[in-house]
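Undergrad: Below is the file target_23.cif, with mmCIF, C-alpha atoms.
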```
data_my_file
loop_
_atom_site.label_atom_id
_atom_site.label_comp_id
_atom_site.auth_asym_id
_atom_site.auth_seq_id
_atom_site.Cartn_x
_atom_site.Cartn_y
_atom_site.Cartn_z
CA MET A 1320 -4.95 -50.20 -45.63
CA GLU A 1321 -5.77 -47.10 -47.63
CA LYS A 1322 -7.04 -43.98 -45.89
CA ILE A 1323 -9.48 -41.34 -47.08
CA LEU A 1324 -9.97 -37.97 -45.40
CA PHE A 1325 -13.23 -36.13 -46.11
CA ILE A 1326 -13.23 -32.39 -45.42
CA VAL A 1327 -16.33 -30.21 -45.03
CA PRO A 1328 -15.31 -26.58 -45.59
CA PRO A 1329 -17.44 -23.64 -44.42
CA PRO A 1330 -20.25 -22.80 -46.88
CA ILE A 1331 -19.48 -19.10 -46.54
CA ARG A 1332 -16.80 -16.71 -47.75
CA TYR A 1333 -14.34 -15.45 -45.15
CA GLU A 1334 -15.44 -11.84 -45.66
CA ASP A 1335 -19.09 -12.79 -45.05
CA PHE A 1336 -18.10 -14.71 -41.91
CA VAL A 1337 -16.12 -11.90 -40.25
CA LYS A 1338 -18.43 -9.07 -41.41
CA PRO A 1339 -21.93 -10.53 -41.69
CA ASP A 1340 -24.74 -8.52 -43.29
CA TYR A 1341 -27.44 -7.11 -41.03
CA ASN A 1342 -29.90 -9.84 -42.04
CA VAL A 1343 -27.56 -12.77 -41.28
CA GLY A 1344 -27.68 -14.68 -38.01
CA THR A 1345 -24.61 -14.10 -35.86
CA ILE A 1346 -22.76 -15.80 -33.06
CA LYS A 1347 -20.98 -13.76 -30.39
CA LYS A 1348 -17.35 -14.58 -29.70
CA LYS A 1349 -14.86 -12.87 -27.39
CA ASN A 1350 -13.59 -10.62 -30.17
CA GLY A 1351 -16.85 -9.74 -31.95
CA ASN A 1352 -19.89 -11.02 -33.79
CA PHE A 1353 -19.45 -13.49 -36.62
CA ALA A 1354 -21.84 -15.12 -39.07
CA SER A 1355 -23.48 -18.25 -37.72
CA VAL A 1356 -22.36 -21.30 -39.68
CA LEU A 1357 -24.87 -24.11 -40.04
CA THR A 1358 -23.73 -27.43 -38.63
CA GLU A 1359 -25.84 -30.16 -40.16
CA MET A 1360 -24.87 -33.80 -40.38
CA PRO A 1361 -22.79 -34.32 -43.54
CA LEU A 1362 -25.12 -37.09 -44.76
CA GLY A 1363 -23.69 -37.16 -48.28
CA ILE A 1364 -20.17 -37.78 -47.04
CA MET A 1365 -21.38 -40.32 -44.50
CA ALA A 1366 -23.22 -42.20 -47.26
CA MET A 1367 -20.13 -42.14 -49.51
CA SER A 1368 -17.98 -43.38 -46.64
CA SER A 1369 -20.35 -46.29 -45.96
CA TYR A 1370 -20.50 -47.24 -49.63
CA ILE A 1371 -16.72 -47.13 -50.06
CA LYS A 1372 -16.14 -49.17 -46.88
CA LYS A 1373 -18.58 -51.81 -48.11
CA HIS A 1374 -16.60 -52.33 -51.32
CA ILE A 1375 -12.99 -51.53 -50.35
CA ALA A 1376 -10.85 -52.12 -47.26
CA VAL A 1377 -10.33 -48.49 -46.34
CA GLU A 1378 -10.29 -46.25 -43.27
CA THR A 1379 -12.21 -42.98 -43.55
CA LYS A 1380 -12.13 -39.87 -41.37
CA LEU A 1381 -14.05 -36.62 -41.52
CA ILE A 1382 -13.11 -33.06 -40.55
CA ASP A 1383 -16.07 -30.68 -40.39
CA TYR A 1384 -14.71 -27.13 -40.14
CA ASN A 1385 -18.21 -25.75 -39.53
CA ILE A 1386 -18.32 -27.38 -36.09
CA LEU A 1387 -14.84 -26.10 -35.31
CA LEU A 1388 -15.79 -22.54 -36.30
CA ASN A 1389 -18.80 -22.61 -33.97
CA LYS A 1390 -16.83 -24.05 -31.04
CA LEU A 1391 -14.08 -21.43 -31.08
CA GLU A 1392 -14.32 -18.85 -28.29
CA SER A 1393 -12.65 -16.24 -30.51
CA PHE A 1394 -11.65 -16.03 -34.15
CA GLU A 1395 -8.42 -14.15 -34.77
CA PHE A 1396 -7.35 -15.47 -38.16
CA ASN A 1397 -6.79 -13.32 -41.25
CA SER A 1398 -8.35 -15.91 -43.58
CA PHE A 1399 -9.85 -19.37 -43.59
CA VAL A 1400 -6.53 -20.61 -45.00
CA ASP A 1401 -4.79 -19.42 -41.82
CA PHE A 1402 -7.47 -21.16 -39.75
CA PHE A 1403 -7.20 -24.46 -41.63
#
```
Go ahead and render the structure in this file as structure tokens.
TA:
Amino acid sequence: MEKILFIVPPPIRYEDFVKPDYNVGTIKKKNGNFASVLTEMPLGIMAMSSYIKKHIAVETKLIDYNILLNKLESFEFNSFVDFF
């Protein structure tokens, strides 16, 4: 069986996440304030997954990095690449 991995990256640049502007919502972590990343249901990816599964025998998985960013107690990475 084929496998497909969908990835939802953060909709924000690393620099804007670690040093948010004054008018951006923030979330407090152990090592400072970071930009708040929206965590909405990835409906587009879920719809694509359902459509593909209907027509092809395939296993799909989803990684939503926005949820992971919000769940971390601290963020000590030098880039999103290091985090991923």
Undergrad: Let me make sure I understand: among A:Glu1392, A:Val1400, A:Tyr1384, A:Val1377, which one has the smallest atom-to-atom distance to Val1327 of chain A if we use all atoms listed in the file?
TA: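 Distance minimum relative to Val1327 of chain A lands on A:Tyr1384.
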Undergrad: Pick from A:Lys1347, A:Ile1382, A:Asn1352, A:Lys1390: nearest to Ile1364 of chain A, with all atoms listed in the file counted?
TA: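 Result for the nearest residue to Ile1364 of chain A: A:Ile1382.
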Undergrad: Got a sec: who's within 10 Å of Asn1350 of chain A, counting all atoms listed in the file, leaving out chain neighbours fewer than 6 positions off, as a list in words?
TA: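 What passes the distance filter is Glu1392, Ser1393, Phe1394 and Glu1395 of chain A.
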Undergrad: Report, in Å to a single decimal, how far apart atom CA of Phe1396 of chain A and atom CA of Val1356 of chain A are.
TA: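 Between atom CA of Val1356 of chain A and atom CA of Phe1396 of chain A the gap works out to 16.2 Å.
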Undergrad: Name the closest residue to Lys1380 of chain A among the candidates A:Val1337, A:Ile1331, A:Met1365, A:Val1343; distances are taken between atoms, counting all atoms listed in the file.
TA: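 The shortest atom-to-atom distance to Lys1380 of chain A comes from A:Met1365.
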Undergrad: Rounded to one decimal place, report the atom CA of Ile1326 of chain A-atom CA of Asn1342 of chain A distance in Å.
TA: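 Pair atom CA of Ile1326 of chain A / atom CA of Asn1342 of chain A returns 28.2 Å.
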Undergrad: Atom CA of Pro1330 of chain A and atom CA of Leu1357 of chain A, how far apart in Å?
TA: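 Distance reported for this atom pair: 8.4 Å.
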Undergrad: Evaluate the PyMOL selection byres ((chain A and resi 1399) around 10) against this structure - the residues, as number ranges by chain, please.
TA: A: 1328-1329, 1332-1334, 1336, 1384, 1388, 1396-1398, 1400-1403
Undergrad: Can you work out which one of A:Ala1354, A:Ile1371, A:Ala1376, A:Ala1366 has the shortest atom-to-atom distance to Asp1335 of chain A, counting all atoms listed in the file?
TA: A:Ala1354
Undergrad: Using the chain letters and numbering of this document, enumerate as a PDB file with C-alpha atoms, in the coordinates of the input the residues selected by the PyMOL selection byres ((chain A and resi 1322) around 7).
TA:
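Result saved to part.pdb:
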```
ATOM      1  CA  MET A1320      -4.950 -50.200 -45.630  1.00  0.00           C
ATOM      2  CA  GLU A1321      -5.770 -47.100 -47.630  1.00  0.00           C
ATOM      3  CA  ILE A1323      -9.480 -41.340 -47.080  1.00  0.00           C
ATOM      4  CA  LEU A1324      -9.970 -37.970 -45.400  1.00  0.00           C
ATOM      5  CA  VAL A1377     -10.330 -48.490 -46.340  1.00  0.00           C
ATOM      6  CA  GLU A1378     -10.290 -46.250 -43.270  1.00  0.00           C
ATOM      7  CA  THR A1379     -12.210 -42.980 -43.550  1.00  0.00           C
TER       8      THR A1379
END
```
